>>> print(open('entry.pdb').read())   # PDB, C-alpha atoms and all ligand atoms
ATOM      1  CA  MET M   1      30.191 -46.342  -7.414  1.00  0.00           C
ATOM      2  CA  LYS M   2      26.890 -47.022  -9.110  1.00  0.00           C
ATOM      3  CA  THR M   3      24.740 -44.391 -10.822  1.00  0.00           C
ATOM      4  CA  THR M   4      21.151 -45.157 -11.793  1.00  0.00           C
ATOM      5  CA  ILE M   5      19.377 -42.565 -13.922  1.00  0.00           C
ATOM      6  CA  ILE M   6      15.857 -42.159 -12.535  1.00  0.00           C
ATOM      7  CA  TYR M   7      14.548 -39.203 -14.518  1.00  0.00           C
ATOM      8  CA  ASP M   8      15.637 -38.054 -17.943  1.00  0.00           C
ATOM      9  CA  ASN M   9      14.454 -36.550 -21.238  1.00  0.00           C
ATOM     10  CA  THR M  10      14.645 -40.014 -22.754  1.00  0.00           C
ATOM     11  CA  SER M  11      14.112 -43.468 -21.308  1.00  0.00           C
ATOM     12  CA  PHE M  12      16.623 -46.287 -21.543  1.00  0.00           C
ATOM     13  CA  ARG M  13      14.076 -48.778 -20.220  1.00  0.00           C
ATOM     14  CA  SER M  14      10.671 -48.564 -21.867  1.00  0.00           C
ATOM     15  CA  GLU M  15       8.643 -49.003 -18.661  1.00  0.00           C
ATOM     16  CA  LEU M  16      10.093 -45.779 -17.240  1.00  0.00           C
ATOM     17  CA  GLN M  17       8.485 -42.476 -18.131  1.00  0.00           C
ATOM     18  CA  SER M  18      10.662 -39.935 -19.921  1.00  0.00           C
ATOM     19  CA  ASP M  19      10.202 -36.248 -19.216  1.00  0.00           C
ATOM     20  CA  TRP M  20      12.335 -33.104 -19.522  1.00  0.00           C
ATOM     21  CA  GLY M  21      14.487 -33.029 -16.385  1.00  0.00           C
ATOM     22  CA  PHE M  22      17.150 -35.023 -14.599  1.00  0.00           C
ATOM     23  CA  ALA M  23      17.527 -37.133 -11.448  1.00  0.00           C
ATOM     24  CA  ALA M  24      19.853 -39.989 -10.551  1.00  0.00           C
ATOM     25  CA  MET M  25      20.673 -42.243  -7.623  1.00  0.00           C
ATOM     26  CA  VAL M  26      24.368 -42.318  -6.791  1.00  0.00           C
ATOM     27  CA  GLU M  27      25.523 -45.195  -4.567  1.00  0.00           C
ATOM     28  CA  ILE M  28      28.954 -45.156  -2.986  1.00  0.00           C
ATOM     29  CA  GLY M  29      29.222 -48.148  -0.664  1.00  0.00           C
ATOM     30  CA  LYS M  30      26.266 -47.808   1.704  1.00  0.00           C
ATOM     31  CA  LYS M  31      25.798 -44.119   0.969  1.00  0.00           C
ATOM     32  CA  LYS M  32      22.918 -43.234  -1.334  1.00  0.00           C
ATOM     33  CA  ILE M  33      22.583 -39.774  -2.811  1.00  0.00           C
ATOM     34  CA  LEU M  34      19.646 -38.469  -4.813  1.00  0.00           C
ATOM     35  CA  PHE M  35      21.202 -36.146  -7.396  1.00  0.00           C
ATOM     36  CA  ASP M  36      18.489 -33.691  -8.539  1.00  0.00           C
ATOM     37  CA  THR M  37      14.783 -34.488  -8.548  1.00  0.00           C
ATOM     38  CA  GLY M  38      13.450 -33.959 -12.082  1.00  0.00           C
ATOM     39  CA  ALA M  39      10.572 -31.635 -12.943  1.00  0.00           C
ATOM     40  CA  ASN M  40       7.606 -33.567 -11.582  1.00  0.00           C
ATOM     41  CA  GLY M  41       7.307 -35.343  -8.237  1.00  0.00           C
ATOM     42  CA  ALA M  42       4.761 -37.912  -9.444  1.00  0.00           C
ATOM     43  CA  ILE M  43       7.026 -39.035 -12.311  1.00  0.00           C
ATOM     44  CA  LEU M  44      10.066 -39.085 -10.013  1.00  0.00           C
ATOM     45  CA  LEU M  45       8.347 -41.284  -7.419  1.00  0.00           C
ATOM     46  CA  SER M  46       6.751 -43.538 -10.033  1.00  0.00           C
ATOM     47  CA  ASN M  47      10.069 -44.143 -11.828  1.00  0.00           C
ATOM     48  CA  MET M  48      11.731 -44.811  -8.466  1.00  0.00           C
ATOM     49  CA  GLN M  49       9.069 -47.365  -7.644  1.00  0.00           C
ATOM     50  CA  LYS M  50       9.551 -49.119 -11.009  1.00  0.00           C
ATOM     51  CA  LEU M  51      13.296 -49.228 -10.315  1.00  0.00           C
ATOM     52  CA  LYS M  52      12.548 -50.639  -6.819  1.00  0.00           C
ATOM     53  CA  ILE M  53      14.189 -47.647  -5.178  1.00  0.00           C
ATOM     54  CA  SER M  54      12.544 -46.434  -1.985  1.00  0.00           C
ATOM     55  CA  PRO M  55      12.868 -42.756  -0.888  1.00  0.00           C
ATOM     56  CA  ASP M  56      13.894 -43.792   2.635  1.00  0.00           C
ATOM     57  CA  GLU M  57      17.034 -45.525   1.303  1.00  0.00           C
ATOM     58  CA  PHE M  58      18.645 -42.139   0.693  1.00  0.00           C
ATOM     59  CA  ASP M  59      20.730 -40.297   3.277  1.00  0.00           C
ATOM     60  CA  THR M  60      21.552 -37.289   1.091  1.00  0.00           C
ATOM     61  CA  VAL M  61      19.884 -35.127  -1.551  1.00  0.00           C
ATOM     62  CA  PHE M  62      22.134 -33.027  -3.764  1.00  0.00           C
ATOM     63  CA  ILE M  63      20.602 -30.305  -5.936  1.00  0.00           C
ATOM     64  CA  SER M  64      22.839 -29.080  -8.758  1.00  0.00           C
ATOM     65  CA  HIS M  65      21.017 -25.829  -9.483  1.00  0.00           C
ATOM     66  CA  ALA M  66      17.752 -23.989  -8.961  1.00  0.00           C
ATOM     67  CA  HIS M  67      16.090 -24.751 -12.315  1.00  0.00           C
ATOM     68  CA  TRP M  68      12.596 -26.294 -12.188  1.00  0.00           C
ATOM     69  CA  ASP M  69      13.620 -29.376 -14.186  1.00  0.00           C
ATOM     70  CA  HIS M  70      16.038 -30.328 -11.347  1.00  0.00           C
ATOM     71  CA  THR M  71      14.076 -29.171  -8.305  1.00  0.00           C
ATOM     72  CA  GLY M  72      10.459 -29.893  -9.332  1.00  0.00           C
ATOM     73  CA  GLY M  73      10.295 -33.248  -7.547  1.00  0.00           C
ATOM     74  CA  LEU M  74      12.027 -32.120  -4.342  1.00  0.00           C
ATOM     75  CA  ARG M  75       8.908 -31.348  -2.241  1.00  0.00           C
ATOM     76  CA  ALA M  76       7.250 -34.617  -3.250  1.00  0.00           C
ATOM     77  CA  PHE M  77      10.422 -36.561  -2.420  1.00  0.00           C
ATOM     78  CA  LEU M  78      10.815 -34.851   0.985  1.00  0.00           C
ATOM     79  CA  SER M  79       7.186 -35.576   1.830  1.00  0.00           C
ATOM     80  CA  GLU M  80       8.190 -39.265   1.644  1.00  0.00           C
ATOM     81  CA  THR M  81      11.334 -38.830   3.734  1.00  0.00           C
ATOM     82  CA  SER M  82      12.896 -35.828   5.433  1.00  0.00           C
ATOM     83  CA  ASN M  83      15.646 -37.809   7.177  1.00  0.00           C
ATOM     84  CA  VAL M  84      18.305 -36.542   4.768  1.00  0.00           C
ATOM     85  CA  ASP M  85      21.125 -34.063   4.445  1.00  0.00           C
ATOM     86  CA  LEU M  86      20.264 -31.554   1.748  1.00  0.00           C
ATOM     87  CA  TRP M  87      23.070 -30.001  -0.302  1.00  0.00           C
ATOM     88  CA  LEU M  88      21.789 -26.936  -2.109  1.00  0.00           C
ATOM     89  CA  PRO M  89      23.539 -24.313  -4.216  1.00  0.00           C
ATOM     90  CA  PRO M  90      23.322 -21.007  -2.286  1.00  0.00           C
ATOM     91  CA  SER M  91      21.327 -19.419  -5.135  1.00  0.00           C
ATOM     92  CA  PHE M  92      18.466 -21.864  -4.494  1.00  0.00           C
ATOM     93  CA  HIS M  93      16.372 -20.572  -1.603  1.00  0.00           C
ATOM     94  CA  PHE M  94      14.507 -23.427  -0.004  1.00  0.00           C
ATOM     95  CA  GLN M  95      13.307 -24.199   3.506  1.00  0.00           C
ATOM     96  CA  SER M  96      12.640 -27.671   4.851  1.00  0.00           C
ATOM     97  CA  ASN M  97      12.806 -29.617   8.106  1.00  0.00           C
ATOM     98  CA  VAL M  98      15.437 -32.036   6.811  1.00  0.00           C
ATOM     99  CA  LYS M  99      18.364 -33.142   9.005  1.00  0.00           C
ATOM    100  CA  LYS M 100      20.565 -30.335   7.735  1.00  0.00           C
ATOM    101  CA  ILE M 101      20.801 -27.942   4.788  1.00  0.00           C
ATOM    102  CA  HIS M 102      24.311 -27.354   3.398  1.00  0.00           C
ATOM    103  CA  ASN M 103      25.122 -24.356   1.153  1.00  0.00           C
ATOM    104  CA  HIS M 104      28.607 -23.982  -0.269  1.00  0.00           C
ATOM    105  CA  GLU M 105      30.130 -21.379  -2.560  1.00  0.00           C
ATOM    106  CA  VAL M 106      33.460 -23.229  -2.444  1.00  0.00           C
ATOM    107  CA  PRO M 107      34.453 -26.918  -2.694  1.00  0.00           C
ATOM    108  CA  ALA M 108      33.489 -29.019   0.339  1.00  0.00           C
ATOM    109  CA  THR M 109      33.499 -32.631   1.547  1.00  0.00           C
ATOM    110  CA  ILE M 110      30.139 -34.424   1.726  1.00  0.00           C
ATOM    111  CA  SER M 111      31.571 -37.691   3.042  1.00  0.00           C
ATOM    112  CA  HIS M 112      34.750 -39.717   2.550  1.00  0.00           C
ATOM    113  CA  GLY M 113      35.691 -39.400  -1.144  1.00  0.00           C
ATOM    114  CA  VAL M 114      32.520 -37.481  -2.039  1.00  0.00           C
ATOM    115  CA  TYR M 115      32.618 -33.737  -2.690  1.00  0.00           C
ATOM    116  CA  THR M 116      30.793 -30.743  -4.064  1.00  0.00           C
ATOM    117  CA  THR M 117      32.598 -28.290  -6.321  1.00  0.00           C
ATOM    118  CA  GLY M 118      30.649 -25.577  -4.513  1.00  0.00           C
ATOM    119  CA  GLN M 119      28.490 -23.209  -6.508  1.00  0.00           C
ATOM    120  CA  LEU M 120      30.369 -22.269  -9.685  1.00  0.00           C
ATOM    121  CA  GLU M 121      29.742 -18.999 -11.504  1.00  0.00           C
ATOM    122  CA  GLY M 122      26.914 -18.241  -9.079  1.00  0.00           C
ATOM    123  CA  THR M 123      24.628 -20.959 -10.468  1.00  0.00           C
ATOM    124  CA  GLU M 124      25.496 -24.600 -10.179  1.00  0.00           C
ATOM    125  CA  GLN M 125      27.420 -27.184  -8.161  1.00  0.00           C
ATOM    126  CA  ALA M 126      28.710 -30.514  -9.469  1.00  0.00           C
ATOM    127  CA  LEU M 127      29.051 -33.745  -7.457  1.00  0.00           C
ATOM    128  CA  CYS M 128      32.500 -35.355  -7.462  1.00  0.00           C
ATOM    129  CA  VAL M 129      33.179 -38.945  -6.385  1.00  0.00           C
ATOM    130  CA  GLU M 130      36.638 -40.503  -5.996  1.00  0.00           C
ATOM    131  CA  THR M 131      36.982 -43.963  -7.538  1.00  0.00           C
ATOM    132  CA  SER M 132      40.010 -46.166  -8.205  1.00  0.00           C
ATOM    133  CA  LYS M 133      39.941 -44.929 -11.826  1.00  0.00           C
ATOM    134  CA  GLY M 134      39.794 -41.256 -10.914  1.00  0.00           C
ATOM    135  CA  VAL M 135      37.138 -38.669 -10.150  1.00  0.00           C
ATOM    136  CA  VAL M 136      33.616 -39.105 -11.507  1.00  0.00           C
ATOM    137  CA  VAL M 137      31.762 -35.813 -12.005  1.00  0.00           C
ATOM    138  CA  LEU M 138      27.964 -35.531 -12.098  1.00  0.00           C
ATOM    139  CA  VAL M 139      26.457 -32.413 -13.616  1.00  0.00           C
ATOM    140  CA  GLY M 140      22.836 -31.236 -13.778  1.00  0.00           C
ATOM    141  CA  CYS M 141      22.940 -28.920 -16.809  1.00  0.00           C
ATOM    142  CA  ALA M 142      26.608 -27.813 -16.755  1.00  0.00           C
ATOM    143  CA  HIS M 143      25.657 -24.149 -17.026  1.00  0.00           C
ATOM    144  CA  PRO M 144      29.081 -23.020 -15.748  1.00  0.00           C
ATOM    145  CA  ASP M 145      31.903 -23.338 -18.244  1.00  0.00           C
ATOM    146  CA  MET M 146      33.054 -26.996 -18.533  1.00  0.00           C
ATOM    147  CA  HIS M 147      36.645 -25.864 -18.156  1.00  0.00           C
ATOM    148  CA  GLU M 148      35.720 -24.336 -14.785  1.00  0.00           C
ATOM    149  CA  ILE M 149      33.926 -27.535 -13.707  1.00  0.00           C
ATOM    150  CA  PHE M 150      36.909 -29.748 -14.624  1.00  0.00           C
ATOM    151  CA  HIS M 151      39.366 -27.324 -13.068  1.00  0.00           C
ATOM    152  CA  THR M 152      37.519 -27.395  -9.735  1.00  0.00           C
ATOM    153  CA  ALA M 153      36.840 -31.161  -9.847  1.00  0.00           C
ATOM    154  CA  SER M 154      40.512 -31.888 -10.530  1.00  0.00           C
ATOM    155  CA  ARG M 155      41.463 -30.716  -7.038  1.00  0.00           C
ATOM    156  CA  PHE M 156      40.002 -34.079  -5.900  1.00  0.00           C
ATOM    157  CA  GLY M 157      42.103 -36.067  -8.417  1.00  0.00           C
ATOM    158  CA  GLN M 158      42.309 -36.691 -12.138  1.00  0.00           C
ATOM    159  CA  VAL M 159      38.853 -36.530 -13.726  1.00  0.00           C
ATOM    160  CA  TYR M 160      37.925 -39.950 -15.147  1.00  0.00           C
ATOM    161  CA  ALA M 161      34.267 -39.585 -16.138  1.00  0.00           C
ATOM    162  CA  ILE M 162      31.499 -37.043 -16.566  1.00  0.00           C
ATOM    163  CA  LEU M 163      27.808 -37.895 -16.444  1.00  0.00           C
ATOM    164  CA  GLY M 164      24.657 -35.797 -16.759  1.00  0.00           C
ATOM    165  CA  GLY M 165      23.234 -32.768 -18.557  1.00  0.00           C
ATOM    166  CA  MET M 166      25.841 -30.847 -20.541  1.00  0.00           C
ATOM    167  CA  HIS M 167      23.756 -28.151 -22.221  1.00  0.00           C
ATOM    168  CA  GLY M 168      25.842 -26.383 -24.908  1.00  0.00           C
ATOM    169  CA  THR M 169      29.176 -28.026 -23.984  1.00  0.00           C
ATOM    170  CA  GLU M 170      31.165 -28.747 -27.156  1.00  0.00           C
ATOM    171  CA  ALA M 171      32.415 -32.291 -27.750  1.00  0.00           C
ATOM    172  CA  LYS M 172      36.041 -31.129 -27.812  1.00  0.00           C
ATOM    173  CA  ALA M 173      35.730 -29.894 -24.203  1.00  0.00           C
ATOM    174  CA  LEU M 174      35.507 -33.569 -23.093  1.00  0.00           C
ATOM    175  CA  LYS M 175      38.780 -34.585 -24.710  1.00  0.00           C
ATOM    176  CA  GLY M 176      40.597 -35.247 -21.434  1.00  0.00           C
ATOM    177  CA  VAL M 177      38.076 -37.625 -19.835  1.00  0.00           C
ATOM    178  CA  SER M 178      37.847 -41.401 -20.325  1.00  0.00           C
ATOM    179  CA  LEU M 179      34.098 -41.965 -19.967  1.00  0.00           C
ATOM    180  CA  ILE M 180      31.170 -39.718 -20.889  1.00  0.00           C
ATOM    181  CA  CYS M 181      27.429 -40.028 -20.496  1.00  0.00           C
ATOM    182  CA  PRO M 182      25.945 -36.829 -21.919  1.00  0.00           C
ATOM    183  CA  THR M 183      22.194 -36.837 -21.360  1.00  0.00           C
ATOM    184  CA  HIS M 184      19.240 -34.577 -20.390  1.00  0.00           C
ATOM    185  CA  CYS M 185      19.842 -31.165 -22.044  1.00  0.00           C
ATOM    186  CA  SER M 186      23.150 -32.070 -23.792  1.00  0.00           C
ATOM    187  CA  GLN M 187      22.943 -30.416 -27.215  1.00  0.00           C
ATOM    188  CA  HIS M 188      25.983 -32.052 -28.807  1.00  0.00           C
ATOM    189  CA  LYS M 189      25.382 -35.737 -28.024  1.00  0.00           C
ATOM    190  CA  THR M 190      25.765 -36.789 -31.667  1.00  0.00           C
ATOM    191  CA  GLU M 191      29.108 -35.009 -32.043  1.00  0.00           C
ATOM    192  CA  MET M 192      30.285 -36.495 -28.725  1.00  0.00           C
ATOM    193  CA  LYS M 193      29.293 -39.981 -29.826  1.00  0.00           C
ATOM    194  CA  ASP M 194      30.989 -39.522 -33.215  1.00  0.00           C
ATOM    195  CA  LEU M 195      34.176 -38.114 -31.741  1.00  0.00           C
ATOM    196  CA  TYR M 196      34.469 -40.529 -28.769  1.00  0.00           C
ATOM    197  CA  PRO M 197      32.600 -43.755 -29.629  1.00  0.00           C
ATOM    198  CA  GLU M 198      34.837 -45.776 -27.276  1.00  0.00           C
ATOM    199  CA  LYS M 199      34.025 -43.686 -24.232  1.00  0.00           C
ATOM    200  CA  TYR M 200      30.390 -42.826 -24.925  1.00  0.00           C
ATOM    201  CA  ILE M 201      27.569 -44.242 -22.760  1.00  0.00           C
ATOM    202  CA  GLU M 202      23.937 -43.714 -23.719  1.00  0.00           C
ATOM    203  CA  GLY M 203      21.843 -41.876 -21.092  1.00  0.00           C
ATOM    204  CA  GLY M 204      18.135 -42.177 -20.364  1.00  0.00           C
ATOM    205  CA  ALA M 205      15.966 -43.169 -17.394  1.00  0.00           C
ATOM    206  CA  GLY M 206      16.869 -46.683 -16.260  1.00  0.00           C
ATOM    207  CA  GLN M 207      20.494 -46.589 -17.435  1.00  0.00           C
ATOM    208  CA  VAL M 208      22.940 -47.867 -14.815  1.00  0.00           C
ATOM    209  CA  ILE M 209      26.609 -46.918 -14.854  1.00  0.00           C
ATOM    210  CA  GLU M 210      28.982 -48.771 -12.557  1.00  0.00           C
ATOM    211  CA  ILE M 211      32.542 -47.578 -12.020  1.00  0.00           C
ATOM    212  CA  GLU M 212      34.904 -49.460  -9.704  1.00  0.00           C
TER
HETATM  213 ZN    ZN M 301      19.462 -25.798 -15.974  1.00  0.00          ZN
HETATM  214 ZN    ZN M 302      18.187 -29.007 -16.889  1.00  0.00          ZN
END
>>> encode(input="entry.pdb", output="structure tokens")
Amino acid sequence: MKTTIIYDNTSFRSELQSDWGFAAMVEIGKKKILFDTGANGAILLSNMQKLKISPDEFDTVFISHAHWDHTGGLRAFLSETSNVDLWLPPSFHFQSNVKKIHNHEVPATISHGVYTTGQLEGTEQALCVETSKGVVVLVGCAHPDMHEIFHTASRFGQVYAILGGMHGTEAKALKGVSLICPTHCSQHKTEMKDLYPEKYIEGGAGQVIEIE
């Protein structure tokens, strides 16, 4: 599994534009998922181009939650390609002529070893991917309680890593995981880095995280 951060509040590679929001490409074998779309379609598409990622490579778009900094680039992305499955939290009302729109309140399978937690606490879904090390969880802002996210993700196996926006999540809530990449809106990055230097990965647009 390979995750490339396309859009983030900070940039890991200087040629990529930073902006408040989050988007990442998640590759699992041949499957390519766009996780969230950032705030601005022009920045999303320009960063993708600089990373040599083409919109028509994706088969799936997964939106974590309805906030503008995760959905703002969606229309621009879909104007480049609509040949995708779109996984939306039920609280996000959106119409489009994509292949299919999927809304789930409860956990569901996206493809072999790839799942959604379903919409938790009425707001947000997390993406869960099975790897040989355990389950990798991607979060947009982690508005639902982290305990709730881990509890639901753990039905797919032991949680190994968590990547993405973690909002007000306290560092101690990540005690049980082996790898963390808190980025975007994460308010306690410094504490997380101090407490878990050995499992901390810096975020930012252009960062690539590969997990076997
Ligand atoms: Zn949010
Ligand atoms: Zn956000």
>>> atom_distance(input="entry.pdb", atom1="CA of Leu127 in chain M", atom2="CA of Gln95 in chain M")
21.4 Å
>>> residues_near_ligand(input="entry.pdb", ligand="ligand ZN 302 (chain M)", cutoff="6 Å", atoms="only C-alpha atoms and all ligand atoms", output="PyMOL selection string")
chain M and resi 21+69+141+185
>>> resolve_selection(input="entry.pdb", expression="the PyMOL selection byres (((chain M and resi 32) around 6) and not hetatm)", output="PyMOL selection string")
chain M and resi 26-27+31+33+58-59
>>> residues_near_ligand(input="entry.pdb", ligand="ligand ZN 301 (chain M)", cutoff="9 Å", atoms="only C-alpha atoms and all ligand atoms", output="PDB file with C-alpha atoms, in the frame of the given file")
ATOM      1  CA  GLY M  21      14.487 -33.029 -16.385  1.00  0.00           C
ATOM      2  CA  SER M  64      22.839 -29.080  -8.758  1.00  0.00           C
ATOM      3  CA  HIS M  65      21.017 -25.829  -9.483  1.00  0.00           C
ATOM      4  CA  ALA M  66      17.752 -23.989  -8.961  1.00  0.00           C
ATOM      5  CA  HIS M  67      16.090 -24.751 -12.315  1.00  0.00           C
ATOM      6  CA  TRP M  68      12.596 -26.294 -12.188  1.00  0.00           C
ATOM      7  CA  ASP M  69      13.620 -29.376 -14.186  1.00  0.00           C
ATOM      8  CA  HIS M  70      16.038 -30.328 -11.347  1.00  0.00           C
ATOM      9  CA  THR M 123      24.628 -20.959 -10.468  1.00  0.00           C
ATOM     10  CA  GLU M 124      25.496 -24.600 -10.179  1.00  0.00           C
ATOM     11  CA  GLY M 140      22.836 -31.236 -13.778  1.00  0.00           C
ATOM     12  CA  CYS M 141      22.940 -28.920 -16.809  1.00  0.00           C
ATOM     13  CA  ALA M 142      26.608 -27.813 -16.755  1.00  0.00           C
ATOM     14  CA  HIS M 143      25.657 -24.149 -17.026  1.00  0.00           C
ATOM     15  CA  GLY M 165      23.234 -32.768 -18.557  1.00  0.00           C
ATOM     16  CA  HIS M 167      23.756 -28.151 -22.221  1.00  0.00           C
ATOM     17  CA  CYS M 185      19.842 -31.165 -22.044  1.00  0.00           C
TER      18      CYS M 185
END
>>> resolve_selection(input="entry.pdb", expression="the PyMOL selection byres (((chain M and resi 48) around 12) and not hetatm)", output="count of residues only")
34
>>> axis_aligned_box(input="entry.pdb", around="range 87-104 of chain M", padding_each_side="4 Å", output="lines of an AutoDock Vina configuration file")
center_x = 20.6
center_y = -26.3
center_z = 1.9
size_x = 24.0
size_y = 21.7
size_z = 22.1
>>> closest_residue(input="entry.pdb", among="M:Gln125, M:Thr131, M:Asn9, M:Ser186", to="Thr152 in chain M", atoms="all atoms listed in the file")
M:Gln125
>>> resolve_selection(input="entry.pdb", expression="the PyMOL selection byres (((chain M and resi 163) around 6) and not hetatm)", output="tab-separated table (two decimals) with C-alpha atoms, in the frame of the given file")
chain	number	residue	atom	x	y	z
M	138	LEU	CA	27.96	-35.53	-12.10
M	162	ILE	CA	31.50	-37.04	-16.57
M	164	GLY	CA	24.66	-35.80	-16.76
M	180	ILE	CA	31.17	-39.72	-20.89
M	181	CYS	CA	27.43	-40.03	-20.50
M	182	PRO	CA	25.94	-36.83	-21.92
>>> atom_distance(input="entry.pdb", atom1="CA of Tyr115 in chain M", atom2="CA of Leu86 in chain M")
13.3 Å
>>> atom_distance(input="entry.pdb", atom1="CA of Glu80 in chain M", atom2="CA of Ser14 in chain M")
25.4 Å
>>> closest_residue(input="entry.pdb", among="M:Ile101, M:Ala126, M:Ala39, M:Ile149", to="Trp20 in chain M", atoms="all atoms listed in the file")
M:Ala39
>>> residues_around(input="entry.pdb", residues="Thr116 in chain M", least_positions_apart="2", cutoff="9 Å", atoms="only C-alpha atoms", output="compact mmCIF listing (two decimals) with C-alpha atoms, in the frame of the given file")
# COMPACT_ATOMS: atom_id res chain seq x y z
CA PHE M 62 22.13 -33.03 -3.76
CA TRP M 87 23.07 -30.00 -0.30
CA HIS M 104 28.61 -23.98 -0.27
CA VAL M 106 33.46 -23.23 -2.44
CA PRO M 107 34.45 -26.92 -2.69
CA ALA M 108 33.49 -29.02 0.34
CA THR M 109 33.50 -32.63 1.55
CA ILE M 110 30.14 -34.42 1.73
CA VAL M 114 32.52 -37.48 -2.04
CA GLY M 118 30.65 -25.58 -4.51
CA GLN M 119 28.49 -23.21 -6.51
CA GLN M 125 27.42 -27.18 -8.16
CA ALA M 126 28.71 -30.51 -9.47
CA LEU M 127 29.05 -33.74 -7.46
CA CYS M 128 32.50 -35.35 -7.46
CA VAL M 129 33.18 -38.94 -6.38
CA ALA M 153 36.84 -31.16 -9.85
>>> build_atoms(input="entry.pdb", residues="range 50-70 of chain M", atoms="N, CA and C atoms", output="PDB file, in the coordinates of the input")
ATOM      1  N   LYS M  50       9.293 -48.118  -9.968  1.00  0.00           N
ATOM      2  CA  LYS M  50       9.551 -49.119 -11.009  1.00  0.00           C
ATOM      3  C   LYS M  50      10.987 -49.639 -10.950  1.00  0.00           C
ATOM      4  N   LEU M  51      11.895 -48.805 -10.456  1.00  0.00           N
ATOM      5  CA  LEU M  51      13.296 -49.228 -10.315  1.00  0.00           C
ATOM      6  C   LEU M  51      13.542 -49.901  -8.959  1.00  0.00           C
ATOM      7  N   LYS M  52      12.470 -50.049  -8.158  1.00  0.00           N
ATOM      8  CA  LYS M  52      12.548 -50.639  -6.819  1.00  0.00           C
ATOM      9  C   LYS M  52      13.494 -49.862  -5.903  1.00  0.00           C
ATOM     10  N   ILE M  53      13.420 -48.536  -6.051  1.00  0.00           N
ATOM     11  CA  ILE M  53      14.189 -47.647  -5.178  1.00  0.00           C
ATOM     12  C   ILE M  53      13.182 -46.981  -4.245  1.00  0.00           C
ATOM     13  N   SER M  54      13.454 -47.039  -2.943  1.00  0.00           N
ATOM     14  CA  SER M  54      12.544 -46.434  -1.985  1.00  0.00           C
ATOM     15  C   SER M  54      13.142 -45.108  -1.483  1.00  0.00           C
ATOM     16  N   PRO M  55      12.326 -44.052  -1.342  1.00  0.00           N
ATOM     17  CA  PRO M  55      12.868 -42.756  -0.888  1.00  0.00           C
ATOM     18  C   PRO M  55      13.648 -42.856   0.421  1.00  0.00           C
ATOM     19  N   ASP M  56      13.212 -43.762   1.338  1.00  0.00           N
ATOM     20  CA  ASP M  56      13.894 -43.792   2.635  1.00  0.00           C
ATOM     21  C   ASP M  56      15.254 -44.502   2.607  1.00  0.00           C
ATOM     22  N   GLU M  57      15.673 -44.980   1.425  1.00  0.00           N
ATOM     23  CA  GLU M  57      17.034 -45.525   1.303  1.00  0.00           C
ATOM     24  C   GLU M  57      18.088 -44.426   1.284  1.00  0.00           C
ATOM     25  N   PHE M  58      17.668 -43.212   0.909  1.00  0.00           N
ATOM     26  CA  PHE M  58      18.645 -42.139   0.693  1.00  0.00           C
ATOM     27  C   PHE M  58      19.033 -41.455   2.004  1.00  0.00           C
ATOM     28  N   ASP M  59      20.308 -41.103   2.121  1.00  0.00           N
ATOM     29  CA  ASP M  59      20.730 -40.297   3.277  1.00  0.00           C
ATOM     30  C   ASP M  59      21.021 -38.851   2.877  1.00  0.00           C
ATOM     31  N   THR M  60      21.153 -38.615   1.572  1.00  0.00           N
ATOM     32  CA  THR M  60      21.552 -37.289   1.091  1.00  0.00           C
ATOM     33  C   THR M  60      20.794 -36.933  -0.175  1.00  0.00           C
ATOM     34  N   VAL M  61      20.415 -35.656  -0.294  1.00  0.00           N
ATOM     35  CA  VAL M  61      19.884 -35.127  -1.551  1.00  0.00           C
ATOM     36  C   VAL M  61      20.793 -33.983  -1.976  1.00  0.00           C
ATOM     37  N   PHE M  62      21.211 -34.024  -3.229  1.00  0.00           N
ATOM     38  CA  PHE M  62      22.134 -33.027  -3.764  1.00  0.00           C
ATOM     39  C   PHE M  62      21.430 -32.349  -4.936  1.00  0.00           C
ATOM     40  N   ILE M  63      21.245 -31.045  -4.839  1.00  0.00           N
ATOM     41  CA  ILE M  63      20.602 -30.305  -5.936  1.00  0.00           C
ATOM     42  C   ILE M  63      21.682 -29.517  -6.673  1.00  0.00           C
ATOM     43  N   SER M  64      21.779 -29.736  -7.986  1.00  0.00           N
ATOM     44  CA  SER M  64      22.839 -29.080  -8.758  1.00  0.00           C
ATOM     45  C   SER M  64      22.581 -27.593  -8.930  1.00  0.00           C
ATOM     46  N   HIS M  65      21.343 -27.250  -9.285  1.00  0.00           N
ATOM     47  CA  HIS M  65      21.017 -25.829  -9.483  1.00  0.00           C
ATOM     48  C   HIS M  65      19.516 -25.618  -9.403  1.00  0.00           C
ATOM     49  N   ALA M  66      19.124 -24.344  -9.342  1.00  0.00           N
ATOM     50  CA  ALA M  66      17.752 -23.989  -8.961  1.00  0.00           C
ATOM     51  C   ALA M  66      16.708 -24.188 -10.053  1.00  0.00           C
ATOM     52  N   HIS M  67      17.085 -24.639 -11.239  1.00  0.00           N
ATOM     53  CA  HIS M  67      16.090 -24.751 -12.315  1.00  0.00           C
ATOM     54  C   HIS M  67      15.020 -25.794 -12.002  1.00  0.00           C
ATOM     55  N   TRP M  68      13.783 -25.484 -12.467  1.00  0.00           N
ATOM     56  CA  TRP M  68      12.596 -26.294 -12.188  1.00  0.00           C
ATOM     57  C   TRP M  68      12.734 -27.757 -12.622  1.00  0.00           C
ATOM     58  N   ASP M  69      13.510 -27.996 -13.684  1.00  0.00           N
ATOM     59  CA  ASP M  69      13.620 -29.376 -14.186  1.00  0.00           C
ATOM     60  C   ASP M  69      14.583 -30.229 -13.350  1.00  0.00           C
ATOM     61  N   HIS M  70      15.150 -29.614 -12.284  1.00  0.00           N
ATOM     62  CA  HIS M  70      16.038 -30.328 -11.347  1.00  0.00           C
ATOM     63  C   HIS M  70      15.494 -30.313  -9.920  1.00  0.00           C
TER      64      HIS M  70
END
